[in-house]
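Below: protein11.csv (CSV, C-alpha atoms and all ligand atoms)
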```csv
chain,number,residue,atom,x,y,z
A,578,ASP,CA,5.6,-109.8,64.5
A,579,PRO,CA,3.9,-110.5,61.1
A,580,SER,CA,6.2,-108.2,59.1
A,581,ALA,CA,9.3,-109.9,60.5
A,582,ALA,CA,7.8,-113.3,59.6
A,583,LEU,CA,7.1,-112.1,56.1
A,584,ARG,CA,10.7,-110.7,55.8
A,585,ALA,CA,12.2,-114.0,57.0
A,586,GLY,CA,9.9,-115.9,54.6
A,587,LEU,CA,10.9,-113.7,51.6
A,588,LEU,CA,14.6,-114.0,52.5
A,589,GLY,CA,14.2,-117.8,52.6
A,590,LEU,CA,12.6,-117.6,49.1
A,591,SER,CA,15.4,-115.4,47.8
A,592,ARG,CA,17.6,-118.5,48.1
A,593,ASN,CA,15.1,-121.1,47.0
A,594,ASP,CA,16.1,-122.5,43.5
A,595,LYS,CA,12.7,-124.0,42.7
A,596,VAL,CA,10.8,-120.8,43.4
A,597,ARG,CA,13.5,-118.8,41.5
A,598,ARG,CA,13.0,-120.9,38.4
A,599,VAL,CA,9.2,-120.5,38.5
A,600,VAL,CA,9.4,-116.7,39.0
A,601,GLN,CA,12.2,-116.1,36.5
A,602,ASN,CA,10.3,-117.9,33.8
A,603,ALA,CA,6.9,-116.4,34.7
A,604,PRO,CA,5.7,-113.7,32.4
A,605,VAL,CA,6.6,-111.1,34.9
A,606,SER,CA,5.7,-107.6,33.8
A,607,ARG,CA,9.0,-106.2,32.4
A,608,ASP,CA,8.0,-102.9,34.0
A,609,VAL,CA,8.1,-104.4,37.5
A,610,VAL,CA,11.6,-105.8,37.1
A,611,ARG,CA,12.7,-102.7,35.1
A,612,ARG,CA,11.8,-100.5,38.0
A,613,TYR,CA,14.7,-101.9,40.1
A,614,VAL,CA,17.0,-103.6,37.5
A,615,ALA,CA,18.5,-101.7,34.5
A,616,GLY,CA,18.2,-104.6,32.0
A,617,GLU,CA,20.1,-107.7,31.1
A,618,GLY,CA,23.1,-106.7,29.1
A,619,THR,CA,26.1,-104.4,29.0
A,620,SER,CA,24.4,-102.0,26.6
A,621,ASP,CA,21.4,-101.7,29.1
A,622,ALA,CA,23.8,-100.9,31.9
A,623,VAL,CA,25.5,-98.2,29.9
A,624,GLU,CA,22.2,-96.8,28.8
A,625,ALA,CA,20.9,-96.6,32.4
A,626,THR,CA,24.1,-95.0,33.7
A,627,THR,CA,24.2,-92.5,30.8
A,628,GLY,CA,20.7,-91.4,32.0
A,629,LEU,CA,21.9,-91.0,35.6
A,630,HIS,CA,25.0,-89.1,34.4
A,631,GLY,CA,22.8,-86.7,32.6
A,632,GLN,CA,20.9,-86.0,35.8
A,633,GLY,CA,24.2,-85.3,37.7
A,634,LEU,CA,24.1,-88.6,39.5
A,635,LEU,CA,27.1,-91.0,40.0
A,636,GLY,CA,26.7,-94.8,39.5
A,637,THR,CA,28.0,-98.1,40.6
A,638,LEU,CA,27.1,-101.1,38.5
A,639,ASP,CA,26.3,-104.6,39.8
A,640,PHE,CA,26.3,-107.5,37.4
A,641,LEU,CA,23.7,-109.7,39.1
A,642,GLY,CA,24.8,-113.2,40.1
A,643,GLU,CA,25.8,-114.6,43.5
A,644,ASP,CA,26.7,-117.9,45.2
A,645,CYS,CA,28.3,-119.1,42.0
A,646,THR,CA,29.5,-122.7,42.5
A,647,ASP,CA,31.4,-123.4,39.3
A,648,LEU,CA,34.5,-121.8,37.9
A,649,GLU,CA,32.9,-121.2,34.5
A,650,GLY,CA,30.2,-119.1,36.1
A,651,ALA,CA,32.8,-117.1,38.1
A,652,ARG,CA,34.7,-116.4,34.9
A,653,HIS,CA,31.6,-115.4,33.1
A,654,THR,CA,30.8,-112.8,35.8
A,655,ARG,CA,34.4,-111.5,35.7
A,656,ASP,CA,34.2,-111.2,31.9
A,657,ALA,CA,30.9,-109.3,32.2
A,658,TYR,CA,32.6,-106.7,34.5
A,659,LEU,CA,35.6,-106.4,32.1
A,660,ASP,CA,33.2,-105.9,29.3
A,661,VAL,CA,31.1,-103.3,31.0
A,662,LEU,CA,34.1,-101.3,32.2
A,663,ARG,CA,35.4,-101.1,28.6
A,664,ALA,CA,32.0,-100.0,27.4
A,665,LEU,CA,31.6,-97.4,30.2
A,666,SER,CA,35.1,-96.1,29.5
A,667,ASP,CA,34.4,-95.8,25.8
A,668,ALA,CA,31.2,-93.9,26.7
A,669,GLY,CA,33.3,-91.5,28.8
A,670,LEU,CA,31.3,-92.4,32.0
A,671,THR,CA,34.2,-93.6,34.2
A,672,GLU,CA,36.2,-90.3,34.3
A,673,ARG,CA,36.9,-89.2,37.8
A,674,GLY,CA,35.0,-92.3,39.1
A,675,GLY,CA,31.7,-91.1,37.8
A,676,VAL,CA,30.6,-94.7,37.3
A,677,GLU,CA,32.3,-97.5,39.1
A,678,VAL,CA,31.4,-101.2,39.7
A,679,SER,CA,30.3,-103.2,42.8
A,680,VAL,CA,31.4,-106.8,42.9
A,681,LYS,CA,30.3,-109.7,45.1
A,682,LEU,CA,33.2,-112.1,45.8
A,683,SER,CA,30.7,-115.0,45.9
A,684,ALA,CA,29.8,-114.2,42.3
A,685,ILE,CA,33.5,-114.6,41.1
A,686,GLY,CA,34.5,-117.7,42.9
A,687,GLN,CA,34.6,-117.2,46.7
A,688,ALA,CA,32.3,-120.2,47.3
A,689,LEU,CA,34.3,-122.7,45.1
A,690,PRO,CA,35.3,-125.8,47.2
A,691,HIS,CA,39.0,-125.5,46.3
A,692,ASP,CA,41.0,-122.2,46.5
A,693,GLY,CA,37.7,-120.2,46.4
A,694,HIS,CA,39.2,-117.2,48.2
A,695,LYS,CA,42.3,-117.0,45.9
A,696,ILE,CA,40.2,-117.5,42.8
A,697,ALA,CA,37.8,-114.7,43.8
A,698,VAL,CA,40.6,-112.3,44.7
A,699,ASP,CA,42.5,-113.0,41.5
A,700,HIS,CA,39.3,-112.3,39.5
A,701,ALA,CA,38.7,-109.1,41.5
A,702,ARG,CA,42.3,-108.1,40.8
A,703,GLU,CA,41.6,-108.3,37.1
A,704,ILE,CA,38.5,-106.3,37.5
A,705,CYS,CA,40.4,-103.7,39.6
A,706,ALA,CA,43.1,-103.4,36.9
A,707,ALA,CA,40.4,-102.8,34.3
A,708,ALA,CA,38.8,-100.2,36.5
A,709,ALA,CA,42.2,-98.5,37.0
A,710,ALA,CA,42.7,-98.4,33.3
A,711,ALA,CA,39.3,-96.8,32.9
A,712,GLY,CA,40.0,-94.2,35.6
A,713,THR,CA,37.5,-95.5,38.1
A,714,THR,CA,37.1,-97.6,41.3
A,715,VAL,CA,35.6,-100.9,42.5
A,716,THR,CA,33.6,-101.6,45.7
A,717,ILE,CA,33.4,-105.1,47.1
A,718,ASP,CA,29.9,-105.8,48.3
A,719,MET,CA,29.3,-107.5,51.7
A,720,GLU,CA,27.2,-110.7,51.9
A,721,ASP,CA,26.1,-112.9,54.8
A,722,HIS,CA,28.1,-112.9,58.1
A,723,THR,CA,29.8,-116.3,57.3
A,724,THR,CA,31.8,-114.4,54.6
A,725,THR,CA,32.6,-111.2,56.5
A,726,ASP,CA,36.1,-112.1,57.6
A,727,ASP,CA,37.0,-113.6,54.2
A,728,THR,CA,35.7,-110.6,52.3
A,729,LEU,CA,37.5,-108.1,54.5
A,730,GLU,CA,40.7,-110.1,54.0
A,731,GLY,CA,40.1,-110.0,50.3
A,732,VAL,CA,39.7,-106.2,50.4
A,733,ARG,CA,42.9,-105.9,52.4
A,734,GLU,CA,44.8,-107.9,49.7
A,735,LEU,CA,43.3,-105.9,46.9
A,736,ARG,CA,44.1,-102.6,48.6
A,737,ALA,CA,47.8,-103.5,48.6
A,738,ASP,CA,47.8,-102.8,44.8
A,739,PHE,CA,44.6,-100.7,44.5
A,740,PRO,CA,44.2,-98.6,47.7
A,741,TRP,CA,40.9,-97.1,46.4
A,742,VAL,CA,39.0,-100.4,46.6
A,743,GLY,CA,35.8,-99.8,48.6
A,744,ALA,CA,34.7,-102.0,51.5
A,745,VAL,CA,31.1,-102.5,52.7
A,746,LEU,CA,30.1,-102.7,56.4
A,747,GLN,CA,26.7,-103.7,57.7
A,748,ALA,CA,25.3,-101.8,60.7
A,749,TYR,CA,23.1,-104.8,61.7
A,750,LEU,CA,26.2,-106.8,62.7
A,751,ARG,CA,27.4,-106.4,66.3
A,752,ARG,CA,31.0,-106.4,65.1
A,753,THR,CA,30.7,-103.5,62.7
A,754,GLU,CA,31.4,-100.5,65.0
A,755,ALA,CA,34.8,-102.1,65.7
A,756,ASP,CA,35.3,-102.7,62.0
A,757,CYS,CA,34.5,-99.1,61.3
A,758,ARG,CA,37.3,-98.0,63.7
A,759,ASP,CA,39.8,-100.4,62.0
A,760,LEU,CA,38.9,-99.3,58.5
A,761,ALA,CA,38.4,-95.5,58.9
A,762,THR,CA,42.0,-94.8,57.8
A,763,ALA,CA,43.2,-92.2,55.2
A,764,GLY,CA,41.8,-92.8,51.7
A,765,SER,CA,39.7,-95.8,52.8
A,766,ARG,CA,36.4,-95.9,51.0
A,767,ILE,CA,33.7,-97.5,53.2
A,768,ARG,CA,30.1,-98.0,52.3
A,769,LEU,CA,27.9,-98.2,55.4
A,770,CYS,CA,24.6,-100.0,54.9
A,771,LYS,CA,22.1,-101.6,57.3
A,772,GLY,CA,22.5,-105.1,55.9
A,773,ALA,CA,20.2,-107.2,53.7
A,774,TYR,CA,20.6,-110.8,54.9
A,775,ASP,CA,18.7,-112.9,57.4
A,776,GLU,CA,21.2,-113.1,60.3
A,777,PRO,CA,21.0,-114.8,63.7
A,778,GLY,CA,20.8,-112.8,67.0
A,779,SER,CA,24.2,-114.1,68.0
A,780,VAL,CA,25.9,-111.9,65.4
A,781,ALA,CA,23.3,-109.3,64.5
A,782,TYR,CA,20.9,-106.8,66.0
A,783,LEU,CA,17.5,-108.1,65.2
A,784,ASP,CA,15.4,-105.1,66.2
A,785,LYS,CA,15.2,-102.3,63.6
A,786,ALA,CA,15.7,-99.6,66.3
A,787,HIS,CA,18.9,-101.2,67.4
A,788,VAL,CA,20.1,-101.5,63.8
A,789,ASP,CA,19.4,-97.8,63.4
A,790,LEU,CA,21.3,-96.9,66.6
A,791,SER,CA,24.3,-99.0,65.5
A,792,TYR,CA,24.2,-97.2,62.1
A,793,VAL,CA,24.4,-93.8,63.9
A,794,ARG,CA,27.4,-95.0,66.0
A,795,CYS,CA,29.1,-96.3,62.9
A,796,LEU,CA,28.4,-93.1,61.1
A,797,LYS,CA,30.0,-91.1,63.9
A,798,VAL,CA,33.2,-93.2,63.7
A,799,LEU,CA,33.4,-92.9,59.9
A,800,MET,CA,32.6,-89.2,59.7
A,801,HIS,CA,35.2,-88.3,62.4
A,802,GLY,CA,37.7,-90.7,60.8
A,803,ASP,CA,40.1,-90.1,58.0
A,804,GLY,CA,38.4,-92.3,55.4
A,805,TYR,CA,35.8,-91.6,52.7
A,806,PRO,CA,32.3,-92.5,54.0
A,807,MET,CA,29.7,-93.7,51.6
A,808,VAL,CA,26.3,-93.4,53.3
A,809,ALA,CA,24.1,-96.1,51.7
A,810,SER,CA,20.6,-95.8,53.0
A,811,HIS,CA,17.1,-94.6,51.9
A,812,ASP,CA,16.2,-93.9,55.5
A,813,PRO,CA,15.3,-90.1,55.8
A,814,ARG,CA,16.4,-90.0,59.5
A,815,LEU,CA,19.8,-91.5,58.9
A,816,ILE,CA,20.4,-89.3,55.8
A,817,GLN,CA,19.7,-86.3,57.9
A,818,ILE,CA,22.0,-87.4,60.7
A,819,ALA,CA,24.7,-88.2,58.2
A,820,GLY,CA,24.4,-84.6,56.9
A,821,SER,CA,24.6,-83.0,60.4
A,822,LEU,CA,27.6,-85.2,61.3
A,823,ALA,CA,29.4,-84.2,58.1
A,824,ASP,CA,28.8,-80.5,58.8
A,825,ARG,CA,30.0,-81.0,62.4
A,826,CYS,CA,33.1,-82.7,61.2
A,827,LEU,CA,33.7,-79.9,58.7
A,828,ARG,CA,33.6,-82.4,55.8
A,829,ALA,CA,33.7,-80.8,52.3
A,830,SER,CA,31.0,-82.2,50.0
A,831,ASP,CA,33.6,-84.1,48.0
A,832,SER,CA,34.8,-86.0,51.1
A,833,PHE,CA,31.8,-88.3,51.4
A,834,GLU,CA,28.9,-89.4,49.4
A,835,TYR,CA,25.3,-90.7,49.6
A,836,GLN,CA,24.3,-93.9,47.9
A,837,MET,CA,20.8,-95.4,47.1
A,838,LEU,CA,19.5,-98.2,45.0
A,839,TYR,CA,18.2,-97.8,41.4
A,840,GLY,CA,14.5,-97.1,41.4
A,841,ILE,CA,14.2,-96.5,45.2
A,842,ARG,CA,13.3,-92.9,46.2
A,843,PRO,CA,14.4,-91.3,42.9
A,844,ASP,CA,13.1,-87.9,43.9
A,845,GLU,CA,15.2,-87.9,47.0
A,846,GLN,CA,18.2,-89.0,44.9
A,847,GLN,CA,17.7,-86.0,42.7
A,848,ARG,CA,17.1,-83.7,45.7
A,849,LEU,CA,20.4,-84.6,47.4
A,850,SER,CA,22.3,-84.2,44.2
A,851,ASP,CA,20.7,-80.8,43.4
A,852,ALA,CA,21.6,-79.7,46.9
A,853,GLY,CA,25.3,-80.1,46.0
A,854,HIS,CA,25.9,-83.6,47.4
A,855,GLN,CA,27.6,-86.5,45.7
A,856,MET,CA,24.8,-89.0,45.1
A,857,ARG,CA,25.7,-92.5,43.7
A,858,ILE,CA,23.1,-94.9,42.4
A,859,TYR,CA,23.7,-98.7,42.7
A,860,VAL,CA,22.5,-100.1,39.4
A,861,PRO,CA,21.9,-103.8,39.1
A,862,TYR,CA,21.7,-105.5,35.7
A,863,GLY,CA,21.9,-109.0,34.3
A,864,ASP,CA,19.4,-111.9,33.9
A,865,GLN,CA,20.0,-113.2,37.5
A,866,TRP,CA,17.7,-110.6,39.1
A,867,TYR,CA,15.6,-112.9,41.2
A,868,GLY,CA,17.6,-113.0,44.5
A,869,TYR,CA,18.3,-109.2,44.3
A,870,LEU,CA,14.6,-108.4,43.7
A,871,VAL,CA,13.3,-110.7,46.5
A,872,ARG,CA,15.7,-109.1,49.0
A,873,ARG,CA,14.2,-105.7,48.1
A,874,MET,CA,10.7,-107.1,48.5
A,875,ALA,CA,11.7,-108.3,52.0
A,876,GLU,CA,12.7,-104.8,53.0
A,877,ARG,CA,9.3,-103.3,51.9
A,878,PRO,CA,6.3,-105.6,51.9
A,879,ALA,CA,4.3,-103.0,50.0
A,880,ASN,CA,6.7,-103.7,47.0
A,881,ALA,CA,6.1,-107.5,47.5
A,882,MET,CA,2.4,-107.0,47.1
A,883,PHE,CA,2.9,-104.9,44.0
A,884,PHE,CA,5.2,-107.6,42.6
A,885,ALA,CA,2.8,-110.5,43.5
A,886,ARG,CA,-0.2,-108.6,41.9
A,887,SER,CA,1.7,-108.1,38.7
A,888,LEU,CA,2.4,-111.8,38.5
A,889,ILE,CA,-1.2,-112.8,39.2
A,890,SER,CA,-2.7,-110.3,36.8
A,891,ARG,CA,-0.8,-111.7,33.9
B,901,LIG,P1,15.1,-99.4,55.5
B,901,LIG,O1,15.0,-99.7,56.9
B,901,LIG,O2,14.8,-100.4,54.5
B,901,LIG,O3,14.1,-98.2,55.2
B,901,LIG,C1,14.1,-97.1,56.0
B,901,LIG,C2,13.2,-96.0,55.5
B,901,LIG,O4,13.6,-95.6,54.2
B,901,LIG,C3,11.8,-96.4,55.3
B,901,LIG,O5,11.1,-96.4,56.6
B,901,LIG,C4,11.3,-95.4,54.3
B,901,LIG,O6,11.1,-94.2,55.0
B,901,LIG,C5,12.5,-95.2,53.4
B,901,LIG,N1,12.4,-96.1,52.3
B,901,LIG,C6,13.0,-97.3,52.1
B,901,LIG,N2,12.6,-97.9,50.9
B,901,LIG,C7,11.8,-97.0,50.4
B,901,LIG,C8,11.0,-97.0,49.1
B,901,LIG,N3,11.1,-98.1,48.3
B,901,LIG,N4,10.2,-96.0,48.9
B,901,LIG,C9,10.1,-94.9,49.7
B,901,LIG,N5,10.8,-94.9,50.9
B,901,LIG,C10,11.6,-95.9,51.2
B,901,LIG,N6,23.3,-104.7,51.8
B,901,LIG,C11,24.2,-105.7,52.1
B,901,LIG,O7,24.0,-106.5,52.9
B,901,LIG,N7,25.5,-105.7,51.4
B,901,LIG,C12,25.8,-104.7,50.5
B,901,LIG,O8,26.9,-104.8,50.0
B,901,LIG,C13,24.9,-103.7,50.2
B,901,LIG,N8,25.1,-102.7,49.4
B,901,LIG,C14,24.2,-101.7,49.2
B,901,LIG,C15,24.6,-100.6,48.4
B,901,LIG,C16,23.7,-99.5,48.3
B,901,LIG,C17,24.1,-98.3,47.5
B,901,LIG,C18,22.5,-99.5,49.1
B,901,LIG,C19,21.6,-98.3,49.1
B,901,LIG,C20,22.2,-100.6,49.9
B,901,LIG,C21,23.0,-101.7,49.9
B,901,LIG,N9,22.7,-102.8,50.7
B,901,LIG,C22,23.6,-103.7,50.9
B,901,LIG,C23,21.3,-103.0,51.2
B,901,LIG,C24,21.1,-102.4,52.6
B,901,LIG,O9,21.8,-103.2,53.5
B,901,LIG,C25,19.7,-102.4,53.0
B,901,LIG,O10,19.1,-103.7,53.0
B,901,LIG,C26,18.8,-101.5,52.1
B,901,LIG,O11,19.5,-100.3,51.7
B,901,LIG,C27,17.6,-101.1,52.9
B,901,LIG,O12,17.9,-100.3,54.1
B,901,LIG,P2,17.7,-98.7,54.3
B,901,LIG,O13,18.9,-98.2,54.9
B,901,LIG,O14,17.4,-98.2,52.9
B,901,LIG,O15,16.5,-98.6,55.3
```
Now, as a test, write the supplied structure out as C-alpha cells.
Amino acid sequence: DPSAALRAGLLGLSRNDKVRRVVQNAPVSRDVVRRYVAGEGTSDAVEATTGLHGQGLLGTLDFLGEDCTDLEGARHTRDAYLDVLRALSDAGLTERGGVEVSVKLSAIGQALPHDGHKIAVDHAREICAAAAAAGTTVTIDMEDHTTTDDTLEGVRELRADFPWVGAVLQAYLRRTEADCRDLATAGSRIRLCKGAYDEPGSVAYLDKAHVDLSYVRCLKVLMHGDGYPMVASHDPRLIQIAGSLADRCLRASDSFEYQMLYGIRPDEQQRLSDAGHQMRIYVPYGDQWYGYLVRRMAERPANAMFFARSLISR
C-alpha cells in the first residue's frame, strides 16, 4: 500500500535529526508553517487564541518540543507554559477554561535517564498550579505506546491534586477500549483521538477501518460513562457518530466537546461552534515545529506535496 509506505516514511523522517535541521533551516514559506503553527513566541500564541476566542472557539495551546533529553530543555518548556498561562490570564482568555494548555510529558523531562517520571510530573504540577490560578485546565498529551502506562500514571498522580487534568487515549491502540472503561469516571476529562505515531501491530490496529471501529467503541464507552468526553477528530463520519451518541445519551452541549487542530477544517470548526457545540482548537506554537508538521503531513499526503512544493519553489 503506497500511502501506508509514505506515511511510515514520513513518520520516520519526523524523528530524523539531520532532516529536521535541513528543513528547519530551509527558507520554508512562512505561510506553509503558519497554516498549522501559530508562531514562535508567547505573544503569537496569545494573538492566535484571541482570534479564536472572537470566533466563539475554545483553545488548547501546545508549546512545541518533545523528546527532550536534558534538564535545561525540560525547564525551558515548563517556563514557556508558565509564561503563556500568565499572558493568557492577563488577556482574560483563561476564564471558565476558554483557553487551556496541552503538555507532552516527554517535553518536560519524562525521557531523562534519572528520575524522568518524577521530574516530568513535578514540572507538570507547577504548570497545573499556574493553570488553576488562571482559572483553566491542563491536558496531558499521549505519545508513543512505550510511554502510555507511565503517562497515565502521571495523570493519576496529578489528578490527586488537580482532578480536572485531562488524559488522552488513542483509538489505534488495542488496549484503549479498556482504558476508556477505567477512566470514564465522574469529572474525568478524556480526549479521544485516533493516534499519530507509527506503532507495531502487536499493540495497535494497523488498518484504518479497524482504527475507526475502535474509535466508535471507545466513543460509546465515553458517552455512556460519567466523564467529560473530548472528541478529537476531523473525520466527518466519527463527528456525526459522536453527535448521535451524545443525543442518545441525553448529554447537554456543555457535557462534552469537539476538538480539532489549528488550520485543519476551519470551516467545520466554525460550523460546529455555530451549531451550539463546544469546539476547542489545539494550537501549536514555538520554534520546534518540525516533528509536529511532519506528523500532520503523514496523515494527509496531499499536504506533504503542498509542503514539498513550497520548499522546492523557493
Ligand atoms: P484522519 O483519519 O486523519 O482523517 C479522517 C478524515 O478527516 C479524512 O478522510 C477527511 O475526510 C478529514 N480530514 C482530515 N484532515 C483533513 C484536512 N486537512 N482537510 C480536510 N479534511 C480532512 N495524537 C496523539 O497520538 N496524541 C495526542 O495527544 C493527540 N492530540 C490531539 C489533539 C487534538 C485536538 C486532535 C484533533 C488530534 C490529536 N492527535 C493526537 C492526533 C490524532 O491522533 C490524529 O493523528 C489526527 O487527528 C488525525 O486523525 P483524524 O481523526 O482527524 O482522522
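Counting all atoms listed in the file and comparing A:Leu659, A:Leu870, A:Cys645, A:Leu729, the residue that lies closest to Gly693 (chain A) is A:Cys645.
Restricting the atom set to only C-alpha atoms and all ligand atoms, one finds that the residues within 6 Å of ligand LIG 901 (chain B) amount to Asp718, Met719, Glu720, Val745, Cys770, Lys771, Gly772, Ala773, Tyr774, Ala809, Ser810, His811, Asp812, Pro813, Gln836, Met837, Leu838, Ile841, Arg842, Tyr859 and Glu876 of chain A.
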Take the residues just selected and output them with C-alpha atoms as a CSV table (one decimal), in the frame of the given file.
```
chain,number,residue,atom,x,y,z
A,718,ASP,CA,29.9,-105.8,48.3
A,719,MET,CA,29.3,-107.5,51.7
A,720,GLU,CA,27.2,-110.7,51.9
A,745,VAL,CA,31.1,-102.5,52.7
A,770,CYS,CA,24.6,-100.0,54.9
A,771,LYS,CA,22.1,-101.6,57.3
A,772,GLY,CA,22.5,-105.1,55.9
A,773,ALA,CA,20.2,-107.2,53.7
A,774,TYR,CA,20.6,-110.8,54.9
A,809,ALA,CA,24.1,-96.1,51.7
A,810,SER,CA,20.6,-95.8,53.0
A,811,HIS,CA,17.1,-94.6,51.9
A,812,ASP,CA,16.2,-93.9,55.5
A,813,PRO,CA,15.3,-90.1,55.8
A,836,GLN,CA,24.3,-93.9,47.9
A,837,MET,CA,20.8,-95.4,47.1
A,838,LEU,CA,19.5,-98.2,45.0
A,841,ILE,CA,14.2,-96.5,45.2
A,842,ARG,CA,13.3,-92.9,46.2
A,859,TYR,CA,23.7,-98.7,42.7
A,876,GLU,CA,12.7,-104.8,53.0
```
Find the residues near Trp741 (chain A): any atom within 7 Å, counting only C-alpha atoms, skip ones fewer than 3 places away on the same chain, and give them as an MDAnalysis selection string.
chainID A and resid 714 736 764:766
Mind dumping the selected residues with C-alpha atoms as a PDB file, in the coordinates of the input?
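As a result, out_22.pdb now contains:
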```
ATOM      1  CA  THR A 714      37.100 -97.600  41.300  1.00  0.00           C
ATOM      2  CA  ARG A 736      44.100-102.600  48.600  1.00  0.00           C
ATOM      3  CA  GLY A 764      41.800 -92.800  51.700  1.00  0.00           C
ATOM      4  CA  SER A 765      39.700 -95.800  52.800  1.00  0.00           C
ATOM      5  CA  ARG A 766      36.400 -95.900  51.000  1.00  0.00           C
TER       6      ARG A 766
END
```
Fewer than 4 positions away in the same chain doesn't count, so skip those; otherwise give me all residues within 9 Å of Tyr782 (chain A), counting only C-alpha atoms, as JSON, numbers by chain.
{"A": [748, 749, 750, 751, 776, 777, 778, 786, 787, 788, 791]}
Pairwise distance for CA of Asp831 (chain A) and CA of Ile816 (chain A), rounded to one decimal in Å
16.2 Å
Measuring atom to atom with only C-alpha atoms, identify which of A:Ala737, A:Leu799, A:Ala708, A:Leu849 is nearest to Leu638 (chain A).
A:Ala708
If you count all atoms listed in the file, which residues fall within 9 Å of Tyr867 (chain A), apart from same-chain ones fewer than 5 positions away, as a CSV table (one decimal) with C-alpha atoms, in the coordinates of the input?
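Dumped everything to around_21.csv:
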```csv
chain,number,residue,atom,x,y,z
A,591,SER,CA,15.4,-115.4,47.8
A,597,ARG,CA,13.5,-118.8,41.5
A,598,ARG,CA,13.0,-120.9,38.4
A,600,VAL,CA,9.4,-116.7,39.0
A,601,GLN,CA,12.2,-116.1,36.5
A,641,LEU,CA,23.7,-109.7,39.1
A,872,ARG,CA,15.7,-109.1,49.0
```
So how far away is CA of Met807 (chain A) from CA of Arg768 (chain A), in Å?
4.4 Å
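If you look at CA of Pro878 (chain A) and CA of Asp784 (chain A), they are 17.0 Å away from each other.
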Residue among A:Ala879, A:Val860, A:Ala781, A:Leu769 lying closest to Phe833 (chain A), counting all atoms listed in the file
A:Leu769
Within 9 Å of His700 (chain A), counting only C-alpha atoms, which residues show up once you throw out same-chain ones fewer than 5 positions away? Write them as number ranges by chain, please.
A: 651-652, 655, 682, 685-686, 695, 705
Store the residues picked out above in a file with C-alpha atoms, as a short mmCIF file (atom, residue, chain, number, x, y, z; two decimals), keeping the file's coordinate frame.
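Here's the written file out_11.cif:
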```
data_model
loop_
_atom_site.label_atom_id
_atom_site.label_comp_id
_atom_site.auth_asym_id
_atom_site.auth_seq_id
_atom_site.Cartn_x
_atom_site.Cartn_y
_atom_site.Cartn_z
CA ALA A 651 32.80 -117.10 38.10
CA ARG A 652 34.70 -116.40 34.90
CA ARG A 655 34.40 -111.50 35.70
CA LEU A 682 33.20 -112.10 45.80
CA ILE A 685 33.50 -114.60 41.10
CA GLY A 686 34.50 -117.70 42.90
CA LYS A 695 42.30 -117.00 45.90
CA CYS A 705 40.40 -103.70 39.60
#
```
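For the set A:Val871, A:Tyr839, A:Asp775, A:Ile696, the residue with the smallest atom-to-atom gap to Arg611 (chain A) is A:Tyr839, counting all atoms listed in the file.
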Hey, what's within 7 Å of Gln855 (chain A) if we count only C-alpha atoms and toss same-chain stuff fewer than 6 positions away? As a PDB file with C-alpha atoms, keeping the file's coordinate frame, please?
```pdb
ATOM      1  CA  SER A 830      31.000 -82.200  50.000  1.00  0.00           C
ATOM      2  CA  ASP A 831      33.600 -84.100  48.000  1.00  0.00           C
ATOM      3  CA  GLU A 834      28.900 -89.400  49.400  1.00  0.00           C
ATOM      4  CA  TYR A 835      25.300 -90.700  49.600  1.00  0.00           C
TER       5      TYR A 835
END
```
